[in-house]
>>> print(open('start_19.txt').read())   # compact mmCIF, C-alpha atoms
# COMPACT_ATOMS: atom_id res chain seq x y z
CA MET A 1 99.61 103.69 62.33
CA LEU A 2 101.65 103.10 65.50
CA ASP A 3 101.12 106.73 66.49
CA SER A 4 97.35 106.31 66.24
CA LEU A 5 96.67 102.79 67.45
CA VAL A 6 99.00 102.75 70.46
CA PRO A 7 97.45 105.87 72.07
CA LEU A 8 93.98 104.65 71.10
CA LEU A 9 94.73 101.47 73.02
CA SER A 10 96.11 103.49 75.97
CA GLY A 11 92.98 105.64 76.02
CA THR A 12 90.67 102.64 75.86
CA ILE A 13 92.50 100.82 78.67
CA SER A 14 92.41 104.03 80.73
CA PHE A 15 88.63 104.31 80.47
CA VAL A 16 88.16 100.62 81.32
CA PHE A 17 90.51 101.15 84.27
CA ALA A 18 88.53 104.24 85.31
CA PHE A 19 85.33 102.18 85.22
CA PHE A 20 86.83 99.59 87.61
CA VAL A 21 88.18 102.27 89.97
CA LEU A 22 84.93 104.24 90.06
CA LYS A 23 82.90 101.02 90.48
CA ARG A 24 85.01 100.27 93.53
CA TYR A 25 84.44 103.83 94.74
CA VAL A 26 80.66 103.37 94.46
CA GLU A 27 80.89 100.06 96.35
CA ARG A 28 83.37 101.03 99.06
CA LYS A 29 83.64 104.82 99.08
CA GLY A 30 87.06 106.36 99.79
CA THR A 31 87.99 109.72 98.28
CA TYR A 32 91.28 108.27 96.97
CA LEU A 33 89.32 106.01 94.63
CA LEU A 34 87.30 108.94 93.30
CA ILE A 35 90.45 110.96 92.60
CA TRP A 36 92.21 107.98 91.03
CA GLY A 37 89.12 107.58 88.87
CA ILE A 38 89.39 111.23 87.77
CA GLY A 39 93.12 110.73 87.10
CA THR A 40 92.53 107.67 84.93
CA ILE A 41 89.85 109.57 82.96
CA PHE A 42 92.45 112.30 82.35
CA TYR A 43 94.86 109.58 81.15
CA GLY A 44 92.17 108.36 78.76
CA ILE A 45 91.46 111.85 77.41
CA GLY A 46 95.19 112.32 76.76
CA GLY A 47 95.39 109.02 74.90
CA LEU A 48 92.33 109.71 72.75
CA CYS A 49 93.64 113.18 71.84
CA GLU A 50 96.91 111.60 70.69
CA ALA A 51 94.96 109.02 68.68
CA TYR A 52 92.86 111.78 67.11
CA TYR A 53 96.01 113.61 66.05
CA GLY A 54 97.40 110.39 64.59
CA PHE A 55 94.23 109.67 62.60
CA LYS A 56 92.97 113.13 61.69
CA GLY A 57 95.86 115.55 62.13
CA TRP A 58 96.18 118.92 63.81
CA ASN A 59 93.30 120.44 65.74
CA PRO A 60 93.93 123.28 68.22
CA LEU A 61 91.19 122.22 70.65
CA VAL A 62 92.38 118.61 70.69
CA PHE A 63 95.94 119.82 71.22
CA ARG A 64 94.94 122.03 74.15
CA LEU A 65 92.93 119.18 75.72
CA TRP A 66 95.88 116.82 75.24
CA TYR A 67 98.34 119.20 76.83
CA LEU A 68 96.07 120.00 79.75
CA PHE A 69 94.92 116.48 80.62
CA GLY A 70 97.65 114.30 79.12
CA ALA A 71 100.80 116.32 79.75
CA ILE A 72 100.01 118.40 82.84
CA LEU A 73 97.22 117.04 85.02
CA VAL A 74 97.21 113.25 84.80
CA ALA A 75 100.19 112.37 87.00
CA ALA A 76 99.37 115.01 89.61
CA TRP A 77 95.76 113.86 89.99
CA LEU A 78 96.71 110.20 90.19
CA GLY A 79 99.28 111.16 92.80
CA GLN A 80 96.67 113.16 94.68
CA GLY A 81 94.62 109.97 95.03
CA THR A 82 97.59 108.36 96.74
CA VAL A 83 97.90 111.38 99.03
CA PHE A 84 94.31 110.78 100.13
CA LEU A 85 95.14 107.13 100.75
CA LEU A 86 98.28 107.69 102.82
CA ALA A 87 98.31 111.20 104.28
CA LYS A 88 96.23 112.71 107.05
CA SER A 89 92.86 113.98 105.85
CA LYS A 90 93.70 117.61 106.64
CA TRP A 91 96.83 117.55 104.45
CA ALA A 92 95.05 115.65 101.72
CA TYR A 93 92.36 118.34 101.46
CA ILE A 94 94.88 121.21 101.65
CA THR A 95 96.96 119.74 98.81
CA LEU A 96 93.79 118.99 96.85
CA GLY A 97 92.79 122.66 97.15
CA ILE A 98 96.20 123.73 95.86
CA LEU A 99 96.01 121.20 93.03
CA VAL A 100 92.54 122.38 91.97
CA LEU A 101 93.70 126.01 91.88
CA ALA A 102 96.89 125.08 90.03
CA SER A 103 94.87 122.98 87.56
CA LEU A 104 92.52 125.91 86.86
CA TYR A 105 95.54 128.18 86.35
CA GLY A 106 97.07 125.60 83.99
CA ALA A 107 93.81 125.35 82.04
CA PHE A 108 93.65 129.14 81.70
CA LYS A 109 97.26 129.33 80.48
CA ILE A 110 96.79 126.54 77.95
CA PHE A 111 93.50 127.78 76.55
CA THR A 112 94.89 131.29 76.10
CA ALA A 113 98.28 130.18 74.70
CA THR A 114 99.38 130.84 71.14
CA LEU A 115 99.95 127.66 69.14
CA ASP A 116 102.15 126.94 66.16
CA PRO A 117 102.03 123.28 65.03
CA THR A 118 104.98 123.77 62.69
CA GLN A 119 107.11 123.94 65.82
CA MET A 120 106.67 120.17 66.22
CA PRO A 121 109.34 119.22 63.68
CA ALA A 122 110.26 115.70 62.64
CA ALA A 123 113.76 116.33 63.89
CA ILE A 124 112.50 116.47 67.45
CA HIS A 125 109.51 114.21 67.28
CA ASN A 126 108.51 111.97 64.44
CA ALA A 127 105.93 114.42 63.08
CA SER A 128 103.02 112.25 64.10
CA GLU A 129 103.62 112.44 67.85
CA LEU A 130 102.18 115.40 69.74
CA SER A 131 104.64 117.68 71.48
CA GLY A 132 104.50 120.79 73.63
CA HIS A 133 106.79 122.50 71.14
CA ALA A 134 103.62 123.75 69.44
CA ILE A 135 103.04 126.15 72.36
CA THR A 136 104.81 129.41 71.65
CA SER A 137 103.50 131.49 74.58
CA PRO A 138 105.91 131.77 77.49
CA GLY A 139 105.06 130.45 80.95
CA VAL A 140 103.02 127.45 79.84
CA ARG A 141 105.39 124.56 79.26
CA ILE A 142 107.33 125.38 82.38
CA LEU A 143 104.26 124.30 84.38
CA THR A 144 104.60 120.61 83.41
CA PRO A 145 107.66 119.69 85.52
CA PHE A 146 106.04 121.00 88.69
CA PHE A 147 102.81 119.04 88.18
CA ASN A 148 104.69 115.95 87.06
CA MET A 149 107.23 116.06 89.87
CA TYR A 150 104.39 116.27 92.41
CA GLY A 151 102.57 113.43 90.65
CA THR A 152 105.64 111.23 90.37
CA LEU A 153 106.72 111.74 93.95
CA THR A 154 103.28 111.06 95.38
CA LEU A 155 102.17 108.25 93.06
CA VAL A 156 105.46 106.37 92.68
CA GLY A 157 106.70 107.26 96.15
CA GLY A 158 103.36 106.37 97.76
CA ALA A 159 103.11 103.04 95.97
CA ALA A 160 106.74 102.17 96.77
CA TYR A 161 106.25 103.19 100.41
CA SER A 162 103.11 101.05 100.69
CA ALA A 163 104.90 98.09 99.09
CA PHE A 164 107.78 98.55 101.53
CA LEU A 165 105.45 98.55 104.55
CA PHE A 166 103.67 95.37 103.43
CA TRP A 167 106.99 93.72 102.59
CA ARG A 168 108.54 94.61 105.95
CA LYS A 169 105.62 93.05 107.81
CA ARG A 170 105.40 90.18 105.32
CA VAL A 171 101.65 90.63 104.93
CA LEU A 172 99.29 90.97 101.98
CA LEU A 173 101.66 89.84 99.23
CA HIS A 174 99.11 90.77 96.56
CA ARG A 175 99.27 94.39 97.71
CA THR A 176 103.07 94.37 97.79
CA ILE A 177 103.18 93.15 94.19
CA GLY A 178 100.34 95.44 93.13
CA ASN A 179 102.04 98.50 94.55
CA ILE A 180 105.33 97.62 92.87
CA LEU A 181 103.50 97.31 89.54
CA ILE A 182 101.82 100.68 90.16
CA ALA A 183 105.16 102.32 91.01
CA VAL A 184 106.83 100.97 87.87
CA GLY A 185 103.80 101.78 85.72
CA ALA A 186 103.73 105.35 86.97
CA MET A 187 107.37 105.82 86.02
CA LEU A 188 107.08 104.52 82.47
CA PRO A 189 105.39 107.59 80.89
CA ALA A 190 108.13 109.73 82.44
CA PHE A 191 110.72 107.46 80.83
CA GLY A 192 108.83 107.67 77.55
CA GLY A 193 108.93 111.46 77.69
CA PHE A 194 112.62 111.39 78.54
CA PHE A 195 113.52 109.15 75.59
CA SER A 196 111.23 111.18 73.35
CA ARG A 197 113.31 114.25 74.19
CA LEU A 198 116.35 112.26 73.15
CA GLN A 199 114.67 112.08 69.70
CA ILE A 200 113.79 108.40 69.87
CA PRO A 201 110.46 108.28 67.98
CA GLY A 202 107.38 106.65 69.46
CA MET A 203 108.78 106.30 72.96
CA LEU A 204 106.30 108.70 74.58
CA TYR A 205 103.27 106.77 73.36
CA ILE A 206 104.83 103.38 74.11
CA GLY A 207 105.77 104.58 77.61
CA GLU A 208 102.21 105.77 78.18
CA PHE A 209 100.76 102.49 76.90
CA LEU A 210 102.99 100.28 79.06
CA GLY A 211 102.43 102.67 81.96
CA ILE A 212 98.63 102.42 81.98
CA LEU A 213 98.86 98.67 81.42
CA LEU A 214 101.03 98.19 84.51
CA LEU A 215 98.95 100.63 86.56
CA PHE A 216 95.82 98.66 85.69
CA MET A 217 97.52 95.34 86.43
CA GLY A 218 98.80 96.76 89.71
CA PHE A 219 95.31 97.91 90.68
CA LEU A 220 93.79 94.51 89.84
CA ARG A 221 96.59 92.69 91.69
CA SER A 222 96.21 94.91 94.76
CA THR A 223 92.51 94.28 94.93
CA THR A 224 92.66 90.50 94.33
CA PRO A 225 94.11 88.37 97.16
CA MET A 226 96.34 85.42 96.26
CA LYS A 227 96.46 81.90 97.70
CA ASN A 228 99.32 81.01 100.06
CA GLU A 229 100.61 84.56 100.29
CA VAL A 230 102.58 84.11 103.49
CA ILE A 231 104.52 81.13 104.84
CA GLU A 232 104.55 80.90 108.62
CA THR A 233 107.89 79.41 109.63
CA ALA A 234 107.87 77.27 112.77
CA PRO A 235 108.74 79.16 115.96
CA LEU A 236 112.15 78.38 117.43
CA PRO A 237 112.02 76.42 120.67
CA VAL A 238 111.94 78.72 123.66
CA ASN A 239 113.56 77.51 126.86
CA MET B 1 113.62 89.90 126.52
CA THR B 2 110.49 88.27 127.91
CA GLU B 3 109.37 84.82 126.90
CA GLN B 4 106.47 86.36 124.99
CA GLU B 5 108.81 88.61 122.97
CA GLN B 6 111.13 85.71 122.28
CA LYS B 7 108.24 83.69 120.92
CA LYS B 8 107.12 86.61 118.79
CA SER B 9 110.54 87.26 117.25
CA ALA B 10 111.14 83.56 116.68
CA SER B 11 107.97 83.19 114.66
CA ARG B 12 108.86 84.65 111.25
CA ARG B 13 106.42 85.25 108.46
CA ARG B 14 107.88 84.91 105.02
CA TYR B 15 106.69 85.37 101.46
CA PRO B 16 107.31 82.54 98.97
CA GLN B 17 111.02 82.34 98.12
CA VAL B 18 110.91 83.95 94.69
CA TYR B 19 109.18 87.04 96.10
CA GLU B 20 111.58 87.20 99.05
CA LYS B 21 114.38 87.62 96.52
CA LEU B 22 112.71 89.84 93.95
CA ILE B 23 110.81 92.38 96.07
CA PRO B 24 113.82 94.01 97.80
CA ILE B 25 115.58 94.34 94.44
CA ALA B 26 112.49 95.91 92.86
CA LEU B 27 112.06 98.33 95.76
CA ALA B 28 115.71 99.36 95.65
CA LEU B 29 115.55 99.97 91.88
CA ILE B 30 112.36 102.02 92.24
CA GLY B 31 114.04 104.13 94.93
CA ILE B 32 117.04 104.81 92.71
CA VAL B 33 114.82 105.71 89.75
CA ILE B 34 112.67 108.07 91.86
CA ILE B 35 115.78 109.99 92.90
CA ALA B 36 117.02 110.07 89.29
CA LEU B 37 113.64 111.29 88.01
CA VAL B 38 113.47 114.06 90.59
CA LEU B 39 116.97 115.23 89.71
CA ILE B 40 116.22 115.14 85.97
CA THR B 41 112.92 116.96 86.41
CA MET B 42 114.57 119.63 88.53
CA GLY B 43 117.25 119.95 85.89
CA VAL B 44 114.64 120.38 83.18
CA ALA B 45 112.73 122.93 85.27
CA LEU B 46 115.90 124.91 85.84
CA GLY B 47 116.71 124.79 82.14
CA LEU B 48 119.84 122.71 82.52
CA TRP B 49 118.64 120.13 79.98
CA ALA B 50 115.98 119.82 77.30
CA ARG B 51 112.84 121.93 77.60
CA PRO B 52 109.80 120.28 79.21
CA ILE B 53 107.27 118.53 77.03
>>> encode(input="start_19.txt", output="structure tokens")
Amino acid sequence: MLDSLVPLLSGTISFVFAFFVLKRYVERKGTYLLIWGIGTIFYGIGGLCEAYYGFKGWNPLVFRLWYLFGAILVAAWLGQGTVFLLAKSKWAYITLGILVLASLYGAFKIFTATLDPTQMPAAIHNASELSGHAITSPGVRILTPFFNMYGTLTLVGGAAYSAFLFWRKRVLLHRTIGNILIAVGAMLPAFGGFFSRLQIPGMLYIGEFLGILLLFMGFLRSTTPMKNEVIETAPLPVN
Amino acid sequence: MTEQEQKKSASRRRYPQVYEKLIPIALALIGIVIIALVLITMGVALGLWARPI
């Protein structure tokens, strides 16, 4: 049940999160919000595919959708939103173009890959957790580290950098805290995947669940100012 | 330093105490983990460790 309900919860939270992000995009504009919205929808699709597998079992289409959106694209697209927030517009659009092309290439590779679900053995995963081991075609699984490294560096790095800037100037405490939550939340699925590879069952889904929870909390914190955020200390006497 | 600059540097903005202590620690830990994740991911990509998901 854990392998069905936890990802179902992750998927549901992701879609609620996407609603909040896209609502803010409609109200305030900002391409970064639109791309974050797309990223959170990808997160949700990944979660629902995992839940489907937990409830209903193997389905090649669901597996391909999970691998494309949940394992390859989600981190990179969330990170791309941060690139739009922090980088110059020219670079943001250039990297977006590369990401779109790379995403299409990834989709082509995944939807033409040969699958063998028996390659997801209980020895590696706990038999009810999806794993890329089911892909037997070469040149597919090797794509994930590149997408995920880009996503991690931009999303975690961007959030940490923003938090550092606010902290250094001692302004907007809610955004400092929010960005720290986003940075930690973005790292948790990566940790989950790492522990999953160490054959600790359930860690991938738990990492994803805690990750989206912290990302959502970070977003809400960043967009909700707090009372008494900054204490102005008295100026020293100047002679 | 001009009088204006002295005034500016003397006036310090601070977060509440608990955040003043926790935020630098959190940022330092995040920095360390980012570096570790990049190294691990590169290792996975190069085939030094377990295959990617």
>>> residues_around(input="start_19.txt", residues="region 16-25 of chain B", least_positions_apart="3", cutoff="9 Å", atoms="only C-alpha atoms", output="list in words")
Ala163, Phe164, Trp167, Leu173, Thr176, Ile177, Ile180, Asn228, Glu229, Val230 and Ile231 of chain A; Ala28, Leu29 and Ile30 of chain B
>>> write_last_selection(input="start_19.txt", atoms="C-alpha atoms", output="mmCIF file, keeping the file's coordinate frame")
data_model
loop_
_atom_site.group_PDB
_atom_site.id
_atom_site.type_symbol
_atom_site.label_atom_id
_atom_site.label_comp_id
_atom_site.auth_asym_id
_atom_site.auth_seq_id
_atom_site.Cartn_x
_atom_site.Cartn_y
_atom_site.Cartn_z
ATOM 1 C CA ALA A 163 104.900 98.090 99.090
ATOM 2 C CA PHE A 164 107.780 98.550 101.530
ATOM 3 C CA TRP A 167 106.990 93.720 102.590
ATOM 4 C CA LEU A 173 101.660 89.840 99.230
ATOM 5 C CA THR A 176 103.070 94.370 97.790
ATOM 6 C CA ILE A 177 103.180 93.150 94.190
ATOM 7 C CA ILE A 180 105.330 97.620 92.870
ATOM 8 C CA ASN A 228 99.320 81.010 100.060
ATOM 9 C CA GLU A 229 100.610 84.560 100.290
ATOM 10 C CA VAL A 230 102.580 84.110 103.490
ATOM 11 C CA ILE A 231 104.520 81.130 104.840
ATOM 12 C CA ALA B 28 115.710 99.360 95.650
ATOM 13 C CA LEU B 29 115.550 99.970 91.880
ATOM 14 C CA ILE B 30 112.360 102.020 92.240
#
>>> atom_distance(input="start_19.txt", atom1="CA of Lys56 (chain A)", atom2="CA of Ala71 (chain A)")
19.9 Å
>>> closest_residue(input="start_19.txt", among="A:Gly11, A:Gly106, A:Gly218, A:Gly202", to="Phe146 (chain A)", atoms="only C-alpha atoms")
A:Gly106
>>> atom_distance(input="start_19.txt", atom1="CA of Val156 (chain A)", atom2="CA of Ala183 (chain A)")
4.4 Å
>>> atom_distance(input="start_19.txt", atom1="CA of Leu37 (chain B)", atom2="CA of Gly192 (chain A)")
12.1 Å
>>> interface_residues(input="start_19.txt", of="chain A", to="chain B", cutoff="10 Å", atoms="all atoms listed in the file", output="VMD selection string")
chain A and resid 67 71 to 72 130 to 135 140 to 146 148 to 150 152 to 153 156 to 157 160 to 161 163 to 164 167 to 173 176 to 177 180 to 181 183 to 184 187 190 to 191 193 to 194 196 to 198 228 to 239
>>> closest_residue(input="start_19.txt", among="A:Ile110, A:Ile212, A:Ile38, A:Cys49", to="Arg64 (chain A)", atoms="only C-alpha atoms")
A:Ile110
>>> residues_near_point(input="start_19.txt", point="(96.1, 110.1, 97.4)", cutoff="12 Å", atoms="all atoms listed in the file", output="PyMOL selection string")
chain A and resi 30-39+75-89+91-96+99+150-159+162
>>> residues_near_point(input="start_19.txt", point="(94.9, 115.8, 80.1)", cutoff="9 Å", atoms="only C-alpha atoms", output="PyMOL selection string")
chain A and resi 39+41-47+49+64-74
